[in-house]
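Here the structure is laid out as structure tokens; the discussion comes afterwards.
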Amino acid sequence: MNQVALSAPVAAKRVDRTLWFGWFAFAFLIASQAIAIAISPPDRDMGDLQKIMYVHVPSAWMTMLAPLTVLVFALRYLVRGREEDDLLAAAAAEVAVAFAGLTLVLGMIWARPTWGVWWTWDARLTSTLVLFMILVGYLAVRALVDERERRARWSAAVGVLGAINVPIVYMSVRWWRTIHQIQSSPATVDPAYVIGLRLNAFAFLFVMIYCIRRRYDAALIERSAERASEAAALGDASVTGESLNGR
Amino acid sequence: MSTWRHEWRRARAIAWKDLTAERRSKAGFNAVVALAVTILVMFGFALGPDAQVIRDAAPGAIWLAVLFAGVLAFNRSYQVELDGSALEQLILYPGGRRSIFAGKLLANFAFVALMLAIVITVGIVLFQVRLPPNWPALLVIVLLGAIGLVTLGTFYAAMASRSRAREVLLPLLLFPMLVPVLLAAVEATKALLGGNLMGDASAWGRLLAAFDVVFLAAAFLAFESVIEV
């Protein structure tokens with residue numbers, strides 16, 4: 001496995017840039033939320049409840065995008081074997097869990113007053129839940145396997161298989177439900193709501209990128225610290241990454 | 001061609017080894033089947049004595065019992081290799097690593113198929129299920145479901161059995177992945193037991209078969225990178 005190299009000044013610079021991007025992302029998010037809530041009229045049926053759309057729907061989009069990021073980096077890790085890809089996949093998985101959880105909770109809060117129930121076994125809801133569970137499994141593998149290369153390979157395999165499964169779950173649950181009841185189709189959205197939705201989609205995208213980057217920075221720094229202490233323990237400052245391989 | 005035959009022989013040898021060990025000790029199989037039957041009985045208690053209710057719940061209860069008990073079987077199949085580091089020996093032998101997976105798959109399939117035979121028989125009696133006239137179709141569904149369960153179970157157990165907290169990790173990884181298998185198997189079984197009035201069973205059966213093919217391929221491709229380290 002290739003080793004990540006990160007010197008202290010480089011790390012500090014990276015973290016700085018990430019932080020600035022974070023300020024931008026959250027400022028953009030607040031502005032987008034304000035604009036969306038200000039310009040959209042109350043919905044005919046739902047009234048101001050509709051406003052939860054501006055957090056729920058973008059969050060749901062990120063719940064699709066973040067696991068896709070995991071898949072891309074997991075595959076790249078399996079092909080190239082670079083540790084960076086593994087750390088990026090792990091960072092994306094953590095963020096994906098957070099967004100999936102957020103989407104589920106926000107969905108429940110929205111479902112209770114509009115549908116009258118917290119939960120229904122609808123295809124989208126159920127496959128989001130299963131996706132959440134698969135991601136938790138991915139993080140469990142990372143937590144329960146200590147050896148670095150083993151953890152990287154296994155979690156990559158878990159990530160790829162999990163990603164394959166998500167469309168199958170969606171299909172099977174859809175089928176399962178539609179046999180018994182007619183599925184409600186998503187309502188067409190009025191143009192007054194579209195701008196707010198688009199703005200917030202970008203805001204959430206920026207926040208997601210920031211979160212992944214921040215987790216990745218932290219992982220890089222952790223790795224550098226680990227390697228420094230390994231080198232110190234071996235009593236040799238000139239120990240290179242290569243000679244630490246194959247442990 | 002000859003390499004294929006060679007790999008097939010290796011897979012068969014591994015399966016034979018596993019099954020022979022199991023046949024001679026019987027400890028694993030007996031315990032796992034006993035657990036599955038116990039789960040069935042507990043479902044019977046939980047769902048109440050109403051004959052119609054438990055008859056409707058029978059397919060779900062039977063598949064869940066097999067799922068829960070299967071987890072123990074899959075972990076065990078690698079656990080016996082880890083004692084005395086037999087797995088390293090196995091990996092060191094010449095030939096592809098995939099034949100290890102194929103061998104374990106065959107052995108676990110035989111194990112689960114036998115368990116299913118017992119659990120379904122007990123389930124039919126306990127849950128007062130009336131067998132439909134087209135029971136061979138039911139057999140096909142059961143076998144397809146077993147293939148899906150065993151494929152993913154054998155794959156994830158290769159990781160879980162070599163990690164900390166393997167008892168927790170395997171179900172955590174396996175159960176969400178098995179949602180489509182469980183759904184398709186239970187619904188197809190239900191449809192067949194209910195007389196298959198709307199022809200649902202074949203649709204679910206096709207989904208089950210598609211799932212089996214996709215995950216057999218994926219597991220075979222990914223196994224190499226899982227077993228190497």
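Residues in the structure tokens are named by chain (A, B, ... in the order shown) and by number from 1 within that chain; ligands are numbered from 1 in the order shown.
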
Define the interface residues of chain A facing chain B as those within 10 Å, counting only C-alpha atoms, and report them as a PyMOL selection string. chain A and resi 78+127+129-138+140-141+143-147+149-158+160-166+168-173+175-176+179

Members of segment 72-209 of chain B assigned helix (DSSP H, G or I) by DSSP, as a ChimeraX atom specification: /B:72-92,98-126,135-160,166-177,179-193,200-209

In Å and to one decimal, atom CA of Ala192 of chain A is distant from atom CA of Pro58 of chain A by 16.4 Å

Contact residues around Val105 of chain A with only C-alpha atoms at 12 Å, ignoring same-chain residues under 6 positions, as an mmCIF file with N, CA and C atoms, in the first residue's frame:
```cif
data_model
loop_
_atom_site.group_PDB
_atom_site.id
_atom_site.type_symbol
_atom_site.label_atom_id
_atom_site.label_comp_id
_atom_site.auth_asym_id
_atom_site.auth_seq_id
_atom_site.Cartn_x
_atom_site.Cartn_y
_atom_site.Cartn_z
ATOM 1 N N ILE A 52 -40.045 22.801 4.741
ATOM 2 C CA ILE A 52 -39.100 21.753 5.142
ATOM 3 C C ILE A 52 -38.491 21.066 3.915
ATOM 4 N N VAL A 55 -34.769 21.739 3.149
ATOM 5 C CA VAL A 55 -33.702 20.992 3.813
ATOM 6 C C VAL A 55 -33.805 19.498 3.507
ATOM 7 N N HIS A 56 -35.043 19.007 3.421
ATOM 8 C CA HIS A 56 -35.221 17.567 3.252
ATOM 9 C C HIS A 56 -34.773 17.102 1.866
ATOM 10 N N SER A 59 -31.019 17.394 1.181
ATOM 11 C CA SER A 59 -30.364 16.389 2.005
ATOM 12 C C SER A 59 -30.524 14.997 1.391
ATOM 13 N N ALA A 60 -31.706 14.738 0.843
ATOM 14 C CA ALA A 60 -31.938 13.445 0.195
ATOM 15 C C ALA A 60 -31.055 13.302 -1.041
ATOM 16 N N ALA A 98 -24.400 10.643 7.928
ATOM 17 C CA ALA A 98 -25.011 11.826 8.532
ATOM 18 C C ALA A 98 -26.158 12.343 7.670
ATOM 19 N N PHE A 99 -25.934 12.416 6.352
ATOM 20 C CA PHE A 99 -26.989 12.928 5.472
ATOM 21 C C PHE A 99 -28.166 11.959 5.392
ATOM 22 N N ALA A 111 -43.462 13.946 7.370
ATOM 23 C CA ALA A 111 -44.520 12.966 7.106
ATOM 24 C C ALA A 111 -45.613 13.018 8.159
ATOM 25 N N ARG A 112 -45.209 13.278 9.403
ATOM 26 C CA ARG A 112 -46.180 13.229 10.511
ATOM 27 C C ARG A 112 -47.367 14.180 10.282
ATOM 28 N N TRP A 118 -45.451 8.720 11.143
ATOM 29 C CA TRP A 118 -44.017 9.006 11.147
ATOM 30 C C TRP A 118 -43.321 8.211 10.062
ATOM 31 N N TRP A 119 -43.859 7.060 9.783
ATOM 32 C CA TRP A 119 -43.150 6.148 8.889
ATOM 33 C C TRP A 119 -44.141 5.391 8.032
ATOM 34 N N LEU A 125 -38.502 5.566 1.205
ATOM 35 C CA LEU A 125 -38.196 5.571 2.635
ATOM 36 C C LEU A 125 -37.413 4.326 3.009
ATOM 37 N N THR A 128 -33.916 4.152 1.588
ATOM 38 C CA THR A 128 -33.023 5.081 2.290
ATOM 39 C C THR A 128 -32.594 4.485 3.632
ATOM 40 N N LEU A 129 -33.549 3.850 4.298
ATOM 41 C CA LEU A 129 -33.236 3.223 5.578
ATOM 42 C C LEU A 129 -32.212 2.106 5.407
ATOM 43 N N PHE A 132 -28.888 3.523 4.775
ATOM 44 C CA PHE A 132 -28.345 3.970 6.060
ATOM 45 C C PHE A 132 -27.716 2.794 6.802
#
```

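Minimum atom-to-atom distance to Arg142 of chain A, evaluated using only C-alpha atoms, belongs to A:Gly159 out of A:Gly159, A:Ala25, A:Ala34, A:Trp121.
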
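Here atom CA of Leu116 of chain B stands at a distance of 11.1 Å from atom CA of Val32 of chain B.
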
Need to verify the contact set: Met208 of chain A, 10 Å, only C-alpha atoms, exclusion of same-chain residues closer than 2 positions in sequence. Can you return it as number ranges by chain? A: 22, 25, 59, 62-63, 65-66, 92, 95-96, 98-99, 202-206, 210-214

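Taking atom CA of Glu7 of chain B and atom CA of Arg76 of chain B as the two end points, the separation is 23.5 Å.
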
Can you tell me, as a PyMOL selection string, what residues are no more than 7 Å from segment 57-70 of chain B when counting only C-alpha atoms, ignoring any on the same chain fewer than 2 positions away? chain B and resi 32+35-36+39-40+43+53-55+72-74+112+116+119-120+123+127+186+189-190

Write out as a VMD selection string the residues lying within 10 Å of Glu22 of chain B, counting only C-alpha atoms and excluding same-chain residues fewer than 6 positions away. chain B and resid 16 28 to 30 77 107 111

Got time to write the residues from that selection, C-alpha atoms, as a compact mmCIF listing (two decimals), in the first residue's frame?
```
# COMPACT_ATOMS: atom_id res chain seq x y z
CA TRP B 16 -15.85 -32.12 0.97
CA GLY B 28 -22.27 -27.23 14.66
CA PHE B 29 -25.16 -28.52 12.63
CA ASN B 30 -27.15 -29.81 15.57
CA SER B 77 -17.34 -22.19 8.54
CA ALA B 107 -20.35 -26.59 1.84
CA PHE B 111 -25.48 -27.02 5.28
```

Given only C-alpha atoms as the basis, pick out the residue of B:Leu105, B:Val142, B:Ala15, B:Leu192 nearest to Ala209 of chain B. B:Val142
